[in-house]
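Engineer: Next comes the structure file target_23.csv, holding CSV, C-alpha atoms.
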```
chain,number,residue,atom,x,y,z
A,7,MET,CA,-12.6,21.2,0.8
A,8,ILE,CA,-9.4,19.3,1.6
A,9,PRO,CA,-6.3,20.8,0.0
A,10,ARG,CA,-4.5,18.4,-2.4
A,11,ALA,CA,-1.4,18.5,-0.2
A,12,ALA,CA,-3.5,16.6,2.4
A,13,TYR,CA,-4.1,13.7,0.0
A,14,PRO,CA,-1.9,10.6,0.5
A,15,ALA,CA,1.1,9.8,-1.7
A,16,ARG,CA,1.6,11.7,-4.9
A,17,ARG,CA,3.6,10.3,-7.7
A,18,GLN,CA,7.0,9.4,-6.3
A,19,ASN,CA,8.0,6.5,-8.6
A,20,PRO,CA,7.3,6.1,-12.3
A,21,GLY,CA,4.5,3.6,-13.0
A,22,ASN,CA,2.6,4.4,-9.8
A,23,GLU,CA,0.1,6.8,-11.3
A,24,ARG,CA,-2.8,4.2,-11.2
A,25,LEU,CA,-2.2,3.3,-7.6
A,26,THR,CA,-1.9,7.0,-6.7
A,27,HIS,CA,-5.2,7.7,-8.4
A,28,VAL,CA,-6.9,4.8,-6.6
A,29,ILE,CA,-5.6,6.0,-3.2
A,30,GLU,CA,-6.6,9.6,-3.8
A,31,ALA,CA,-10.0,8.6,-5.0
A,32,GLY,CA,-10.6,6.5,-1.9
A,33,TYR,CA,-9.2,9.3,0.3
A,34,ARG,CA,-11.6,11.8,-1.2
A,35,ARG,CA,-14.6,9.4,-0.8
A,36,SER,CA,-13.7,8.5,2.8
A,37,HIS,CA,-13.1,12.1,3.8
A,38,GLY,CA,-16.1,13.7,2.0
A,39,ALA,CA,-14.1,15.7,-0.5
A,40,PRO,CA,-15.8,16.5,-3.8
A,41,LYS,CA,-14.9,14.5,-6.8
A,42,GLU,CA,-12.9,16.3,-9.5
A,43,HIS,CA,-15.5,15.5,-12.2
A,44,GLU,CA,-18.1,17.4,-10.2
A,45,GLY,CA,-16.6,20.7,-11.3
A,46,VAL,CA,-14.8,21.4,-8.0
A,47,HIS,CA,-11.1,20.8,-8.1
A,48,PRO,CA,-9.0,20.5,-5.0
A,49,VAL,CA,-6.8,23.5,-4.3
A,50,MET,CA,-3.1,23.1,-5.0
A,51,THR,CA,-1.0,24.4,-2.2
A,52,ALA,CA,2.8,24.6,-2.1
A,53,HIS,CA,4.6,23.5,1.0
A,54,ALA,CA,8.3,24.2,0.5
A,55,ALA,CA,9.0,23.1,4.1
A,56,GLU,CA,7.5,19.7,3.6
A,57,PRO,CA,10.0,17.4,1.9
A,58,THR,CA,8.4,14.7,-0.2
A,59,PRO,CA,9.4,11.3,1.2
A,60,VAL,CA,11.0,9.2,-1.4
A,61,VAL,CA,9.3,5.8,-1.7
A,62,PRO,CA,11.9,3.1,-2.4
A,63,PRO,CA,11.4,1.1,-5.6
A,64,MET,CA,10.0,-2.4,-5.6
A,65,PRO,CA,12.8,-5.0,-5.6
A,66,GLU,CA,13.3,-7.8,-8.0
A,67,ARG,CA,10.5,-10.3,-7.6
A,68,ASN,CA,12.3,-13.1,-5.7
A,69,PRO,CA,12.5,-13.9,-2.0
A,70,LYS,CA,16.1,-12.9,-1.5
A,71,ALA,CA,15.7,-9.4,-3.1
A,72,LEU,CA,12.4,-8.9,-1.3
A,73,ARG,CA,13.9,-9.8,2.1
A,74,ALA,CA,16.8,-7.4,1.5
A,75,ALA,CA,14.4,-4.6,0.6
A,76,ILE,CA,12.3,-5.3,3.7
A,77,ALA,CA,15.4,-5.3,5.9
A,78,GLN,CA,16.5,-2.0,4.5
A,79,HIS,CA,13.2,-0.1,4.1
A,80,ALA,CA,10.6,-1.8,6.4
A,81,PRO,CA,12.6,-3.6,9.1
A,82,GLN,CA,9.5,-3.8,11.3
A,83,LEU,CA,8.2,-6.5,8.9
A,84,LEU,CA,11.4,-8.6,9.0
A,85,PRO,CA,10.6,-10.8,12.0
A,86,ASN,CA,7.2,-11.9,10.6
A,87,PHE,CA,8.7,-12.3,7.1
A,88,ASP,CA,11.4,-14.6,8.4
A,89,GLU,CA,9.0,-16.5,10.7
A,90,HIS,CA,6.6,-17.0,7.8
A,91,TRP,CA,9.4,-18.1,5.4
A,92,LYS,CA,10.6,-20.7,8.0
A,93,TRP,CA,7.1,-22.1,8.6
A,94,ALA,CA,5.8,-22.0,5.0
A,95,VAL,CA,8.9,-22.9,3.0
A,96,ALA,CA,12.0,-23.9,4.9
A,97,ASP,CA,10.4,-26.3,7.5
A,98,ALA,CA,7.9,-27.6,5.0
A,99,TYR,CA,10.6,-28.4,2.5
A,100,ASP,CA,8.1,-27.3,-0.1
A,101,ILE,CA,9.0,-24.7,-2.7
A,102,SER,CA,5.5,-24.9,-4.2
A,103,THR,CA,4.5,-22.4,-1.5
A,104,VAL,CA,6.9,-19.7,-2.7
A,105,PRO,CA,4.5,-18.0,-5.2
A,106,ALA,CA,1.8,-17.5,-2.5
A,107,PHE,CA,4.5,-16.4,0.0
A,108,MET,CA,5.8,-13.9,-2.5
A,109,ALA,CA,2.3,-12.6,-3.3
A,110,ARG,CA,1.6,-11.9,0.4
A,111,TRP,CA,4.9,-10.2,1.2
A,112,TRP,CA,5.1,-8.3,-2.1
A,113,GLY,CA,1.9,-6.5,-1.0
A,114,GLU,CA,3.0,-6.1,2.6
A,115,PHE,CA,6.3,-4.4,1.5
A,116,ALA,CA,4.6,-2.3,-1.2
A,117,ILE,CA,2.4,-0.8,1.5
A,118,ALA,CA,4.9,-0.5,4.3
A,119,ARG,CA,7.6,1.2,2.1
A,120,ASP,CA,5.3,4.2,1.7
A,121,PRO,CA,4.5,5.8,5.1
A,122,LYS,CA,1.5,7.7,3.8
A,123,LEU,CA,0.0,4.6,2.2
A,124,ASP,CA,0.7,2.5,5.3
A,125,ALA,CA,-1.0,5.1,7.5
A,126,HIS,CA,-4.0,5.3,5.1
A,127,MET,CA,-4.4,1.5,5.2
A,128,ALA,CA,-4.2,1.5,9.0
A,129,ASN,CA,-6.8,4.3,9.1
A,130,LEU,CA,-9.1,2.3,6.8
A,131,HIS,CA,-8.8,-0.8,9.0
A,132,HIS,CA,-9.2,1.2,12.2
A,133,ARG,CA,-12.3,3.0,11.0
A,134,ALA,CA,-13.9,-0.2,9.7
A,135,ALA,CA,-13.3,-1.9,13.1
A,136,GLU,CA,-14.8,1.1,15.0
A,137,SER,CA,-17.8,1.6,12.6
A,138,THR,CA,-21.3,0.7,13.8
A,139,ASP,CA,-22.6,0.9,10.2
A,140,ILE,CA,-22.1,-2.4,8.4
A,141,ALA,CA,-22.3,-0.7,5.0
A,142,GLU,CA,-19.6,1.9,5.9
A,143,ALA,CA,-17.4,-0.8,7.4
A,144,LYS,CA,-17.8,-2.9,4.2
A,145,ALA,CA,-16.9,0.0,2.0
A,146,LEU,CA,-13.8,0.8,4.0
A,147,LEU,CA,-12.6,-2.8,3.8
A,148,GLU,CA,-13.4,-3.0,0.1
A,149,GLU,CA,-11.2,0.1,-0.4
A,150,ALA,CA,-8.4,-1.5,1.5
A,151,SER,CA,-8.8,-4.7,-0.5
A,152,HIS,CA,-8.8,-2.7,-3.7
A,153,ILE,CA,-5.5,-1.1,-2.7
A,154,ARG,CA,-4.0,-4.5,-1.8
A,155,HIS,CA,-4.9,-5.8,-5.3
A,156,GLU,CA,-3.4,-2.7,-7.0
A,157,VAL,CA,-0.1,-3.1,-5.2
A,158,GLN,CA,0.2,-6.7,-6.4
A,159,ARG,CA,0.4,-5.2,-10.0
A,160,LEU,CA,3.5,-3.2,-9.2
A,161,GLU,CA,6.6,-4.3,-11.0
A,162,PRO,CA,10.2,-4.3,-9.9
A,163,GLY,CA,11.6,-0.8,-10.0
A,164,GLN,CA,8.2,0.9,-9.6
```
Could you render the structure as structure tokens?

Structural biologist:
Amino acid sequence: MIPRAAYPARRQNPGNERLTHVIEAGYRRSHGAPKEHEGVHPVMTAHAAEPTPVVPPMPERNPKALRAAIAQHAPQLLPNFDEHWKWAVADAYDISTVPAFMARWWGEFAIARDPKLDAHMANLHHRAAESTDIAEAKALLEEASHIRHEVQRLEPGQ
């Protein structure tokens, strides 16, 4: 049995309970931990020495605010963000592409701002790429896709 402290991201911002539940359920499935409804509950352990990382809130839903949040909290994404903006919006002189641009980068930032979630997503993709079982690889990628869809529902401030 995996102790609850080993599960990814606990509630750090109000409104993230559903996303946290999805991530924990996927983590339990992918690591063989029993489901809580099976009568076996994960053990709660206290780790006073482990500080809980604070996940920054989602910014206002506009390109300027999102870029500022990326620059501050996930600077590794900034070169790709700027390059994509230049290609998809600025050089195209087409603002109709902004909603699709925002959807993509909203999800990228939502995942990158939380180191545990980012690591969990990288682990899912790595395991899917290394898997020789097509059903397992499909399940891992479906879990990653489900998380990406869930983060799209996050609102500013969450």

Engineer: Need to verify the contact set: region 113-122 of chain A, 8 Å, all atoms listed in the file, exclusion of same-chain residues closer than 4 positions in sequence. Can you return it as a PDB file with C-alpha atoms, in the frame of the given file?

Structural biologist:
```
ATOM      1  CA  PRO A  14      -1.900  10.600   0.500  1.00  0.00           C
ATOM      2  CA  ALA A  15       1.100   9.800  -1.700  1.00  0.00           C
ATOM      3  CA  VAL A  61       9.300   5.800  -1.700  1.00  0.00           C
ATOM      4  CA  PRO A  62      11.900   3.100  -2.400  1.00  0.00           C
ATOM      5  CA  MET A  64      10.000  -2.400  -5.600  1.00  0.00           C
ATOM      6  CA  ILE A  76      12.300  -5.300   3.700  1.00  0.00           C
ATOM      7  CA  HIS A  79      13.200  -0.100   4.100  1.00  0.00           C
ATOM      8  CA  ALA A  80      10.600  -1.800   6.400  1.00  0.00           C
ATOM      9  CA  LEU A  83       8.200  -6.500   8.900  1.00  0.00           C
ATOM     10  CA  ALA A 109       2.300 -12.600  -3.300  1.00  0.00           C
ATOM     11  CA  HIS A 126      -4.000   5.300   5.100  1.00  0.00           C
ATOM     12  CA  ARG A 154      -4.000  -4.500  -1.800  1.00  0.00           C
ATOM     13  CA  VAL A 157      -0.100  -3.100  -5.200  1.00  0.00           C
ATOM     14  CA  GLN A 158       0.200  -6.700  -6.400  1.00  0.00           C
TER      15      GLN A 158
END
```

Engineer: Let me make sure I understand: among A:Asn86, A:Arg73, A:Leu130, A:Asp100, which one has the smallest atom-to-atom distance to Ser151 (chain A) if we use all atoms listed in the file?

Structural biologist: A:Leu130

Engineer: So how far away is CA of Pro162 (chain A) from CA of Pro63 (chain A), in Å?

Structural biologist: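 Separation of CA of Pro63 (chain A) and CA of Pro162 (chain A): 7.0 Å.
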
Engineer: Could you tell me how far CA of Trp111 (chain A) sits from CA of Phe87 (chain A), in Å to one decimal place?

Structural biologist: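 Separation between CA of Phe87 (chain A) and CA of Trp111 (chain A): 7.3 Å.
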
Engineer: Would you mind reading off the distance between CA of Trp91 (chain A) and CA of Gln78 (chain A), one decimal, in Å?

Structural biologist: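 Interatomic distance, CA of Trp91 (chain A) to CA of Gln78 (chain A): 17.6 Å.
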
Engineer: Give me the residues within 12 Å of Val95 (chain A) as a PyMOL selection string, counting only C-alpha atoms and dropping any in the same chain fewer than 3 places off.

Structural biologist: chain A and resi 69+87-92+98-108

Engineer: Between A:Glu66, A:Asn129, A:Trp93, A:Ala71, single out the one closest to Ala150 (chain A), counting all atoms listed in the file.

Structural biologist: A:Asn129

Engineer: Pick out the closest residue to Ala134 (chain A) from this set: A:Leu147, A:Leu84, A:Val60, A:Ala74. Count only C-alpha atoms.

Structural biologist: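 Among A:Leu147, A:Leu84, A:Val60, A:Ala74, it is A:Leu147 that comes nearest to Ala134 (chain A).
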